[in-house]
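Okay, input-v5.cif is below, mmCIF, C-alpha atoms and all ligand atoms:
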data_coords
#
loop_
_atom_site.group_PDB
_atom_site.id
_atom_site.type_symbol
_atom_site.label_atom_id
_atom_site.label_comp_id
_atom_site.auth_asym_id
_atom_site.auth_seq_id
_atom_site.Cartn_x
_atom_site.Cartn_y
_atom_site.Cartn_z
ATOM 1 C CA MET A 217 24.670 79.365 59.478
ATOM 2 C CA THR A 218 23.078 76.850 57.091
ATOM 3 C CA ALA A 219 19.358 76.292 57.391
ATOM 4 C CA LEU A 220 18.493 73.504 59.824
ATOM 5 C CA GLY A 221 16.501 70.483 58.611
ATOM 6 C CA ALA A 222 12.870 69.982 59.529
ATOM 7 C CA LYS A 223 12.300 69.170 63.184
ATOM 8 C CA PRO A 224 10.601 65.785 63.760
ATOM 9 C CA PRO A 225 7.206 66.292 65.460
ATOM 10 C CA GLY A 226 7.433 66.104 69.247
ATOM 11 C CA MET A 227 11.192 66.694 69.336
ATOM 12 C CA LEU A 228 12.261 69.179 72.015
ATOM 13 C CA LEU A 229 15.058 71.395 70.798
ATOM 14 C CA PRO A 230 17.000 73.669 73.104
ATOM 15 C CA ASP A 231 17.032 77.422 72.531
ATOM 16 C CA HIS A 232 20.038 78.872 70.660
ATOM 17 C CA CYS A 233 20.933 75.568 69.106
ATOM 18 C CA ASP A 234 23.524 75.368 66.321
ATOM 19 C CA GLU A 235 23.584 72.834 63.505
ATOM 20 C CA ASP A 236 25.781 70.243 65.262
ATOM 21 C CA THR A 237 23.643 70.278 68.409
ATOM 22 C CA HIS A 238 20.568 70.054 66.232
ATOM 23 C CA ASN A 239 21.967 66.955 64.522
ATOM 24 C CA ILE A 240 22.867 65.331 67.830
ATOM 25 C CA TYR A 241 19.324 65.961 69.051
ATOM 26 C CA ARG A 242 17.784 64.621 65.827
ATOM 27 C CA ARG A 243 19.835 61.416 66.186
ATOM 28 C CA ARG A 244 18.917 61.090 69.840
ATOM 29 C CA PHE A 245 15.262 61.749 69.158
ATOM 30 C CA CYS A 246 15.254 58.972 66.533
ATOM 31 C CA ASN A 247 16.933 56.637 69.047
ATOM 32 C CA GLN A 248 14.307 57.562 71.646
ATOM 33 C CA GLU A 249 11.520 56.814 69.151
ATOM 34 C CA LEU A 250 13.135 53.462 68.438
ATOM 35 C CA HIS A 251 13.511 52.841 72.161
ATOM 36 C CA HIS A 252 9.828 53.638 72.774
ATOM 37 C CA ASN A 253 8.738 51.350 69.958
ATOM 38 C CA VAL A 254 10.902 48.526 71.281
ATOM 39 C CA THR A 255 9.554 49.181 74.776
ATOM 40 C CA ARG A 256 6.005 48.943 73.501
ATOM 41 C CA MET A 257 6.837 45.637 71.792
ATOM 42 C CA ASN A 258 8.722 44.054 74.650
ATOM 43 C CA LYS A 259 9.172 46.040 77.841
ATOM 44 C CA LYS A 260 11.423 43.478 79.480
ATOM 45 C CA SER A 261 13.995 43.656 76.685
ATOM 46 C CA VAL A 262 15.019 47.219 77.507
ATOM 47 C CA SER A 263 17.236 47.205 80.553
ATOM 48 C CA ARG A 264 17.476 50.131 82.966
ATOM 49 C CA GLN A 265 21.265 49.950 82.580
ATOM 50 C CA GLN A 266 20.987 51.324 79.044
ATOM 51 C CA GLU A 267 19.337 54.593 80.089
ATOM 52 C CA ALA A 268 21.584 57.624 80.326
ATOM 53 C CA MET A 269 22.070 59.114 83.786
ATOM 54 C CA ILE A 270 24.315 61.947 82.563
ATOM 55 C CA GLU A 271 24.160 63.455 79.101
ATOM 56 C CA MET A 272 26.369 66.340 78.061
ATOM 57 C CA ILE A 273 25.950 67.806 74.611
ATOM 58 C CA LYS A 274 28.550 70.277 73.356
ATOM 59 C CA VAL A 275 29.142 71.639 76.843
ATOM 60 C CA SER A 276 31.588 74.505 77.320
ATOM 61 C CA LYS A 277 32.580 76.377 80.455
ATOM 62 C CA TYR A 278 34.413 79.691 80.424
ATOM 63 C CA TYR A 279 35.699 81.418 83.545
ATOM 64 C CA PRO A 280 36.615 85.080 83.658
ATOM 65 C CA VAL A 281 38.928 86.290 82.230
ATOM 66 C CA ASN A 282 39.368 84.234 79.026
ATOM 67 C CA VAL A 283 39.749 80.840 80.727
ATOM 68 C CA VAL A 284 38.374 78.000 78.608
ATOM 69 C CA ALA A 285 37.917 75.257 81.199
ATOM 70 C CA LEU A 286 35.777 72.997 78.953
ATOM 71 C CA GLN A 287 35.141 73.182 75.221
ATOM 72 C CA ASP A 288 32.368 71.336 73.347
ATOM 73 C CA VAL A 289 32.343 68.238 75.548
ATOM 74 C CA SER A 290 29.753 65.627 74.544
ATOM 75 C CA VAL A 291 29.393 62.391 76.463
ATOM 76 C CA SER A 292 26.674 60.110 77.723
ATOM 77 C CA ILE A 293 27.121 58.102 80.922
ATOM 78 C CA SER A 294 24.690 55.247 81.563
ATOM 79 C CA THR A 295 22.707 54.619 84.703
ATOM 80 C CA GLY A 296 24.788 52.334 86.899
ATOM 81 C CA GLU A 297 28.035 52.988 85.021
ATOM 82 C CA LEU A 298 31.413 53.590 86.679
ATOM 83 C CA PHE A 299 33.264 56.153 84.566
ATOM 84 C CA PHE A 300 36.762 57.621 84.861
ATOM 85 C CA ILE A 301 37.839 61.112 83.792
ATOM 86 C CA ILE A 302 41.571 61.582 83.435
ATOM 87 C CA GLY A 303 43.791 64.387 82.187
ATOM 88 C CA LYS A 304 46.645 66.631 83.279
ATOM 89 C CA SER A 305 46.214 69.260 85.958
ATOM 90 C CA GLY A 306 44.014 72.054 84.562
ATOM 91 C CA ALA A 307 42.453 69.806 81.883
ATOM 92 C CA GLY A 308 38.922 70.497 83.175
ATOM 93 C CA LYS A 309 38.107 67.380 85.265
ATOM 94 C CA THR A 310 36.853 69.199 88.368
ATOM 95 C CA THR A 311 34.919 71.675 86.260
ATOM 96 C CA LEU A 312 33.104 68.805 84.542
ATOM 97 C CA LEU A 313 32.124 67.263 87.903
ATOM 98 C CA LYS A 314 30.907 70.642 89.175
ATOM 99 C CA LEU A 315 28.740 71.095 86.075
ATOM 100 C CA VAL A 316 27.194 67.650 86.525
ATOM 101 C CA SER A 317 26.337 68.403 90.160
ATOM 102 C CA SER A 318 24.973 71.844 89.120
ATOM 103 C CA MET A 319 27.441 73.550 91.408
ATOM 104 C CA GLU A 320 28.521 75.484 88.305
ATOM 105 C CA LEU A 321 26.442 76.334 85.241
ATOM 106 C CA PRO A 322 27.664 75.693 81.700
ATOM 107 C CA SER A 323 28.438 78.686 79.476
ATOM 108 C CA ASN A 324 27.109 76.764 76.465
ATOM 109 C CA GLY A 325 25.569 73.392 75.713
ATOM 110 C CA LEU A 326 23.163 71.046 77.426
ATOM 111 C CA ILE A 327 23.411 68.853 80.509
ATOM 112 C CA GLU A 328 20.696 66.371 81.366
ATOM 113 C CA ILE A 329 20.535 64.260 84.489
ATOM 114 C CA ALA A 330 18.164 61.303 84.235
ATOM 115 C CA GLY A 331 16.579 62.943 81.193
ATOM 116 C CA LYS A 332 16.021 66.354 82.811
ATOM 117 C CA PRO A 333 17.933 69.457 81.644
ATOM 118 C CA THR A 334 19.737 70.873 84.684
ATOM 119 C CA SER A 335 19.329 74.435 83.349
ATOM 120 C CA LYS A 336 15.579 74.165 83.971
ATOM 121 C CA LEU A 337 15.927 73.018 87.587
ATOM 122 C CA LYS A 338 15.380 75.667 90.235
ATOM 123 C CA GLY A 339 14.478 75.808 93.940
ATOM 124 C CA VAL A 340 13.071 72.575 95.366
ATOM 125 C CA LYS A 341 13.731 70.560 92.184
ATOM 126 C CA LEU A 342 17.386 71.594 92.180
ATOM 127 C CA ALA A 343 17.682 70.782 95.899
ATOM 128 C CA ARG A 344 16.137 67.343 95.254
ATOM 129 C CA LEU A 345 18.622 66.653 92.461
ATOM 130 C CA ARG A 346 21.519 67.650 94.730
ATOM 131 C CA GLN A 347 20.237 65.305 97.445
ATOM 132 C CA ARG A 348 20.528 62.419 94.992
ATOM 133 C CA ILE A 349 24.158 63.240 94.216
ATOM 134 C CA GLY A 350 27.019 62.519 96.595
ATOM 135 C CA VAL A 351 30.081 64.663 95.934
ATOM 136 C CA ALA A 352 33.622 64.569 97.291
ATOM 137 C CA TYR A 353 35.705 67.392 95.838
ATOM 138 C CA GLN A 354 39.371 68.003 96.474
ATOM 139 C CA ASP A 355 38.689 70.811 98.947
ATOM 140 C CA PHE A 356 36.714 68.330 101.167
ATOM 141 C CA LYS A 357 34.582 71.076 102.762
ATOM 142 C CA LEU A 358 34.383 69.239 106.090
ATOM 143 C CA LEU A 359 33.177 70.991 109.230
ATOM 144 C CA ALA A 360 36.542 71.340 110.960
ATOM 145 C CA ASP A 361 35.112 71.622 114.489
ATOM 146 C CA ARG A 362 32.981 68.470 114.196
ATOM 147 C CA THR A 363 34.127 64.867 114.550
ATOM 148 C CA ALA A 364 34.650 62.436 111.669
ATOM 149 C CA ALA A 365 31.440 60.626 112.648
ATOM 150 C CA GLU A 366 29.418 63.862 112.824
ATOM 151 C CA ASN A 367 30.615 64.925 109.379
ATOM 152 C CA ILE A 368 29.637 61.571 107.854
ATOM 153 C CA ALA A 369 26.229 61.661 109.564
ATOM 154 C CA ILE A 370 25.237 65.058 108.128
ATOM 155 C CA SER A 371 23.771 63.926 104.804
ATOM 156 C CA MET A 372 21.658 61.286 106.565
ATOM 157 C CA GLU A 373 20.451 63.728 109.245
ATOM 158 C CA VAL A 374 19.164 66.191 106.653
ATOM 159 C CA SER A 375 17.094 63.419 105.107
ATOM 160 C CA TYR A 376 15.670 62.486 108.536
ATOM 161 C CA LYS A 377 17.153 58.978 108.838
ATOM 162 C CA LYS A 378 16.608 57.316 112.209
ATOM 163 C CA PRO A 379 19.504 57.862 114.696
ATOM 164 C CA GLN A 380 20.196 54.113 115.067
ATOM 165 C CA ILE A 381 20.399 53.706 111.266
ATOM 166 C CA ILE A 382 22.768 56.693 111.067
ATOM 167 C CA ARG A 383 25.007 55.302 113.839
ATOM 168 C CA LYS A 384 25.184 51.876 112.150
ATOM 169 C CA ARG A 385 26.006 53.325 108.717
ATOM 170 C CA VAL A 386 28.680 55.670 110.145
ATOM 171 C CA ARG A 387 30.343 52.767 112.018
ATOM 172 C CA GLU A 388 30.251 50.602 108.897
ATOM 173 C CA LEU A 389 31.821 53.303 106.681
ATOM 174 C CA LEU A 390 34.519 54.184 109.213
ATOM 175 C CA GLU A 391 35.447 50.504 109.420
ATOM 176 C CA GLN A 392 35.520 50.031 105.627
ATOM 177 C CA LEU A 393 37.789 53.055 105.267
ATOM 178 C CA ASP A 394 40.073 52.050 108.158
ATOM 179 C CA LEU A 395 39.038 55.062 110.248
ATOM 180 C CA THR A 396 37.372 53.341 113.206
ATOM 181 C CA ASP A 397 39.823 54.860 115.690
ATOM 182 C CA LYS A 398 39.105 58.366 114.317
ATOM 183 C CA HIS A 399 35.369 58.165 115.058
ATOM 184 C CA GLY A 400 35.465 60.936 117.692
ATOM 185 C CA THR A 401 38.373 62.978 116.297
ATOM 186 C CA ILE A 402 37.719 66.561 115.231
ATOM 187 C CA THR A 403 38.291 66.624 111.450
ATOM 188 C CA GLY A 404 40.561 69.668 111.767
ATOM 189 C CA GLU A 405 42.997 67.317 113.558
ATOM 190 C CA LEU A 406 42.970 64.608 110.858
ATOM 191 C CA SER A 407 45.645 64.107 108.200
ATOM 192 C CA ARG A 408 44.793 65.077 104.607
ATOM 193 C CA GLY A 409 44.366 61.426 103.610
ATOM 194 C CA GLU A 410 42.037 60.833 106.595
ATOM 195 C CA GLN A 411 39.991 63.951 105.778
ATOM 196 C CA GLN A 412 39.730 62.756 102.194
ATOM 197 C CA ARG A 413 38.253 59.437 103.331
ATOM 198 C CA VAL A 414 35.805 61.185 105.691
ATOM 199 C CA ALA A 415 34.682 63.358 102.750
ATOM 200 C CA LEU A 416 34.176 60.225 100.652
ATOM 201 C CA ALA A 417 32.235 58.501 103.441
ATOM 202 C CA ARG A 418 30.023 61.593 103.785
ATOM 203 C CA ALA A 419 29.394 61.579 100.008
ATOM 204 C CA ILE A 420 28.212 57.971 99.908
ATOM 205 C CA ALA A 421 26.603 57.665 103.359
ATOM 206 C CA ASN A 422 23.068 58.342 102.185
ATOM 207 C CA SER A 423 23.336 55.861 99.269
ATOM 208 C CA PRO A 424 22.960 58.500 96.526
ATOM 209 C CA THR A 425 22.034 57.446 92.991
ATOM 210 C CA MET A 426 25.047 59.309 91.634
ATOM 211 C CA ILE A 427 28.501 59.731 93.191
ATOM 212 C CA LEU A 428 31.041 62.253 91.889
ATOM 213 C CA VAL A 429 34.529 61.993 93.327
ATOM 214 C CA ASP A 430 37.560 64.126 92.601
ATOM 215 C CA GLU A 431 40.939 62.463 93.177
ATOM 216 C CA PRO A 432 39.656 59.975 95.778
ATOM 217 C CA THR A 433 43.060 58.308 96.153
ATOM 218 C CA GLY A 434 45.415 61.274 95.727
ATOM 219 C CA ASN A 435 46.817 61.251 99.264
ATOM 220 C CA LEU A 436 46.637 57.526 99.975
ATOM 221 C CA ASP A 437 48.984 54.518 100.141
ATOM 222 C CA ALA A 438 48.321 51.412 98.030
ATOM 223 C CA ALA A 439 46.414 49.466 100.700
ATOM 224 C CA THR A 440 44.125 52.393 101.546
ATOM 225 C CA THR A 441 43.614 53.103 97.832
ATOM 226 C CA GLU A 442 42.375 49.523 97.482
ATOM 227 C CA ARG A 443 39.940 49.981 100.383
ATOM 228 C CA VAL A 444 38.562 53.187 98.829
ATOM 229 C CA MET A 445 38.145 51.568 95.413
ATOM 230 C CA ASN A 446 36.508 48.467 96.934
ATOM 231 C CA LEU A 447 33.971 50.715 98.613
ATOM 232 C CA LEU A 448 33.259 52.621 95.390
ATOM 233 C CA HIS A 449 32.876 49.344 93.456
ATOM 234 C CA LYS A 450 30.466 48.144 96.135
ATOM 235 C CA CYS A 451 28.346 51.311 95.715
ATOM 236 C CA ASN A 452 28.454 50.811 91.932
ATOM 237 C CA LYS A 453 27.308 47.181 92.275
ATOM 238 C CA SER A 454 24.389 48.457 94.366
ATOM 239 C CA GLY A 455 23.343 50.588 91.383
ATOM 240 C CA ALA A 456 25.024 53.976 91.881
ATOM 241 C CA THR A 457 26.343 55.793 88.819
ATOM 242 C CA ILE A 458 29.896 56.838 89.673
ATOM 243 C CA VAL A 459 32.196 59.356 88.003
ATOM 244 C CA ILE A 460 35.780 59.482 89.241
ATOM 245 C CA ALA A 461 38.223 62.221 88.219
ATOM 246 C CA THR A 462 41.764 61.021 88.790
ATOM 247 C CA HIS A 463 45.472 61.183 88.036
ATOM 248 C CA ASP A 464 46.016 57.775 89.641
ATOM 249 C CA GLU A 465 46.687 55.314 86.824
ATOM 250 C CA THR A 466 46.567 52.332 89.176
ATOM 251 C CA ILE A 467 42.812 52.699 89.694
ATOM 252 C CA TYR A 468 41.773 52.751 86.006
ATOM 253 C CA LYS A 469 44.648 51.069 84.092
ATOM 254 C CA ASN A 470 43.305 47.517 83.855
ATOM 255 C CA SER A 471 39.727 48.358 84.672
ATOM 256 C CA PRO A 472 36.836 47.268 82.430
ATOM 257 C CA HIS A 473 35.235 50.712 82.830
ATOM 258 C CA ARG A 474 35.267 53.560 80.309
ATOM 259 C CA VAL A 475 37.963 56.193 80.607
ATOM 260 C CA MET A 476 37.653 59.671 79.108
ATOM 261 C CA GLU A 477 40.768 61.804 78.774
ATOM 262 C CA LEU A 478 40.408 65.575 78.756
ATOM 263 C CA LYS A 479 43.101 67.766 77.224
ATOM 264 C CA HIS A 480 42.862 71.564 77.458
ATOM 265 C CA GLY A 481 39.134 71.218 78.240
ATOM 266 C CA ALA A 482 38.268 69.022 75.237
ATOM 267 C CA VAL A 483 37.702 65.277 74.936
ATOM 268 C CA HIS A 484 41.044 63.846 73.790
ATOM 269 C CA SER A 485 40.060 60.171 73.915
ATOM 270 C CA LEU A 486 37.257 58.002 75.210
ATOM 271 C CA THR A 487 37.313 54.234 75.453
ATOM 272 C CA GLY A 488 34.066 52.538 74.506
ATOM 273 C CA GLY A 489 32.520 55.414 72.516
ATOM 274 C CA LEU A 490 30.362 58.441 73.207
ATOM 275 C CA LEU A 491 27.074 56.503 73.450
ATOM 276 C CA ILE A 492 25.158 59.356 71.849
HETATM 277 N N1 LIG B 1 36.648 79.345 89.654
HETATM 278 C C1 LIG B 1 37.536 79.453 88.655
HETATM 279 N N2 LIG B 1 37.832 80.668 88.145
HETATM 280 C C2 LIG B 1 38.703 80.810 87.126
HETATM 281 N N3 LIG B 1 39.344 79.778 86.552
HETATM 282 C C3 LIG B 1 39.085 78.539 87.011
HETATM 283 C C4 LIG B 1 38.163 78.312 88.085
HETATM 284 N N4 LIG B 1 38.104 76.984 88.327
HETATM 285 C C5 LIG B 1 38.942 76.404 87.454
HETATM 286 N N5 LIG B 1 39.535 77.335 86.668
HETATM 287 C C6 LIG B 1 40.477 77.084 85.567
HETATM 288 O O1 LIG B 1 39.840 76.196 84.658
HETATM 289 C C7 LIG B 1 40.770 75.239 84.146
HETATM 290 C C8 LIG B 1 40.280 73.828 84.481
HETATM 291 O O2 LIG B 1 40.353 73.677 85.890
HETATM 292 P P1 LIG B 1 39.908 72.318 86.616
HETATM 293 O O3 LIG B 1 40.004 72.559 88.088
HETATM 294 O O4 LIG B 1 38.615 71.891 86.077
HETATM 295 O O5 LIG B 1 41.052 71.313 86.115
HETATM 296 P P2 LIG B 1 41.433 69.854 86.674
HETATM 297 O O6 LIG B 1 41.650 68.999 85.482
HETATM 298 O O7 LIG B 1 40.433 69.402 87.661
HETATM 299 O O8 LIG B 1 42.817 70.135 87.391
HETATM 300 P P3 LIG B 1 43.472 69.388 88.685
HETATM 301 O O9 LIG B 1 43.831 68.002 88.217
HETATM 302 O O10 LIG B 1 44.684 70.219 88.986
HETATM 303 O O11 LIG B 1 42.457 69.394 89.779
HETATM 304 C C9 LIG B 1 42.114 75.582 84.763
HETATM 305 O O12 LIG B 1 42.800 76.401 83.847
HETATM 306 C C10 LIG B 1 41.744 76.379 86.007
HETATM 307 O O13 LIG B 1 42.752 77.289 86.349
#
Please express what this file holds, its structure, as C-alpha cells.
Ligand SMILES: Nc1ncnc2c1ncn2[C@@H]1O[C@H](COP(=O)(O)OP(=O)(O)OP(=O)(O)O)[C@@H](O)[C@H]1O
Amino acid sequence: MTALGAKPPGMLLPDHCDEDTHNIYRRRFCNQELHHNVTRMNKKSVSRQQEAMIEMIKVSKYYPVNVVALQDVSVSISTGELFFIIGKSGAGKTTLLKLVSSMELPSNGLIEIAGKPTSKLKGVKLARLRQRIGVAYQDFKLLADRTAAENIAISMEVSYKKPQIIRKRVRELLEQLDLTDKHGTITGELSRGEQQRVALARAIANSPTMILVDEPTGNLDAATTERVMNLLHKCNKSGATIVIATHDETIYKNSPHRVMELKHGAVHSLTGGLLI
C-alpha cells in the first residue's frame, strides 16, 4: 500500500483504514472545518437539513459462506431526507437497512448515524439509538397473539407515553392506514397486506427521527399504496429521515427524492450525487 499523506491535526481516522477511506475522511474533515468556520461566521446560514443523518463509507457486508451482500458502498443521507434504495432481489437492500439500524454489523467500512460511528455504540447508547429508529422489515415481526392496536402501541409503551396519548395515536394511525375495523383483530388473523401496514404503523408510532422501511407497498393495491406513501411523506415533512427499500417503481418514478440503485451489493447508480 502507498504511504498515506499527513493527517490534518484533529482529524479522527478509523483503525485499519486504506488509502481510499483515508482520502474520503480527509475530504470530509476539510468540509467539516469549512462548515465550522462558516458556522462561526454566520450560524443561521447553516441549515440543519444539510447535516448528514446516515454516512456510509466503503461499507461491505459478507455472510458465510462467501456471500458478498454489500461491497464498498459509500453514501451520505441528509437529516430530513427521504431516500429510496432500489435493486433486484438479492441486490443488498435489506442488508443495507439492517446495517443502518445496527441489527447487523458491517464486515468492513464505517457507518455513522448523526455523526456517531455505530461500531462504537454498546449497551445503553446502542439501545438509545435503536429507540430513535423505526423499522419495518419484510418479516414484520408482529406479536401474532396480540391485536393490531396492541402491536402498534408497543413502541410507545416502552417509552412510557401516557395511555390516552397512546390510544389517540393508535386510532389515528389505524384510520390513516384504512385499518380502523381491524383495531381489535389478532395480527395472526390479518392478511399479509394488513400485517404490513400494522408493522409500518408500529415503526412510526413513536415519531422516530429515522424510519427504515423494507418494501412498504409490496402487498398493496394502488389506493392503499397511496395511503402508505402519504403517511410516510407526512412523517418526512415533520422532520423524519426516511429510507425506503423498494421494487415498486410507482412510488419513486416521478419523485423529487434521491434514488440509489444497488446491483450485486454495489452502488450501480445514484441520482443527485453521493454528498460526501
Ligand atoms: N443472514 C444471511 N445469511 C446469509 N446470506 C444472506 C443473509 N441475509 C442476506 N443474505 C444474502 O445476501 C444477499 C443480499 O440479500 P438482501 O436480503 O440484502 O437483498 P435484497 O436486495 O433486500 O433482496 P429482496 O429484494 O429479495 O428482499 C443475498 O444474496 C442474500 O441471499
Surrounding residues as a list in words, ligand LIG 1 (chain B), max 8 Å, only C-alpha atoms and all ligand atoms: Tyr278, Tyr279, Pro280, Val281, Val283, Val284, Ala285, Leu286, Ile302, Gly303, Lys304, Ser305, Gly306, Ala307, Gly308, Lys309, Thr310, Thr311, Leu312, Gln354, Asp430, Glu431, Ala461, Thr462, His463, Leu478, His480 and Gly481 of chain A
Residues matched by the PyMOL selection byres (((chain A and resi 486) around 7) and not hetatm) as a VMD selection string: chain A and resid 475 to 477 485 487 to 489
Residue list as a list in words for point (32.2, 69.4, 74.5), cut-off 6 Å, only C-alpha atoms: Lys274, Val275, Ser276, Gln287, Asp288, Val289 and Ser290 of chain A
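Taking CA of Ile402 in chain A and CA of Pro379 in chain A as the two end points, the separation is 20.2 Å.
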Among listed residues A:Thr363, A:Ser323, A:Ser317, A:Thr403, nearest Leu342 in chain A (using all atoms listed in the file): A:Ser317
Residues matched by the PyMOL selection byres (((chain A and resi 368) around 8) and not hetatm), written as a count of residues only: 14
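Picked out by the PyMOL selection byres (((chain A and resi 375) around 12) and not hetatm) when it runs on this file: A:Ala343, A:Arg344, A:Gln347, A:Arg348, A:Ala369, A:Ile370, A:Ser371, A:Met372, A:Glu373, A:Val374, A:Tyr376, A:Lys377, A:Lys378, A:Pro379, A:Ile381, A:Ile382, A:Ala421, A:Asn422, A:Ser423, A:Pro424.
Each of A:Glu271, A:Glu410, A:Asp397, A:Glu465 was compared to Lys332 in chain A using all atoms listed in the file, and A:Glu271 turns out to be the nearest.
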Counting only C-alpha atoms, what are the residues of range 249-368 of chain A within 12 Å of range 439-449 of chain A, and for each of them which pair of atoms is the nearest and at what distance in Å, to one decimal? Sort the table by chain and rising number, as a Markdown table.
| residue | atom | partner | partner_atom | distance |
| --- | --- | --- | --- | --- |
| A:Gly296 | CA | A:His449 | CA | 10.8 |
| A:Glu297 | CA | A:His449 | CA | 10.4 |
| A:Leu298 | CA | A:His449 | CA | 8.1 |
| A:Phe299 | CA | A:His449 | CA | 11.2 |
| A:Gly350 | CA | A:Leu448 | CA | 11.8 |
Dump C-alpha atoms for the selected residues as a CSV table (one decimal), in the coordinates of the input?
chain,number,residue,atom,x,y,z
A,296,GLY,CA,24.8,52.3,86.9
A,297,GLU,CA,28.0,53.0,85.0
A,298,LEU,CA,31.4,53.6,86.7
A,299,PHE,CA,33.3,56.2,84.6
A,350,GLY,CA,27.0,62.5,96.6
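Pairwise distance (CA of Ala360 in chain A, CA of Gly409 in chain A) equals 14.6 Å.
With all atoms listed in the file as the atoms that count, the minimum distance from Ala330 in chain A to the choices A:Glu267, A:Asn282, A:Ile273, A:His473 is reached by A:Glu267.
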Polymer residues at most 9 Å from (27.4, 68.0, 95.4) by all atoms listed in the file, as a PyMOL selection string: chain A and resi 313-314+316-319+346-353+419+427-428
Distance in Å - CA of Leu359 in chain A versus CA of Arg413 in chain A: 13.9 Å
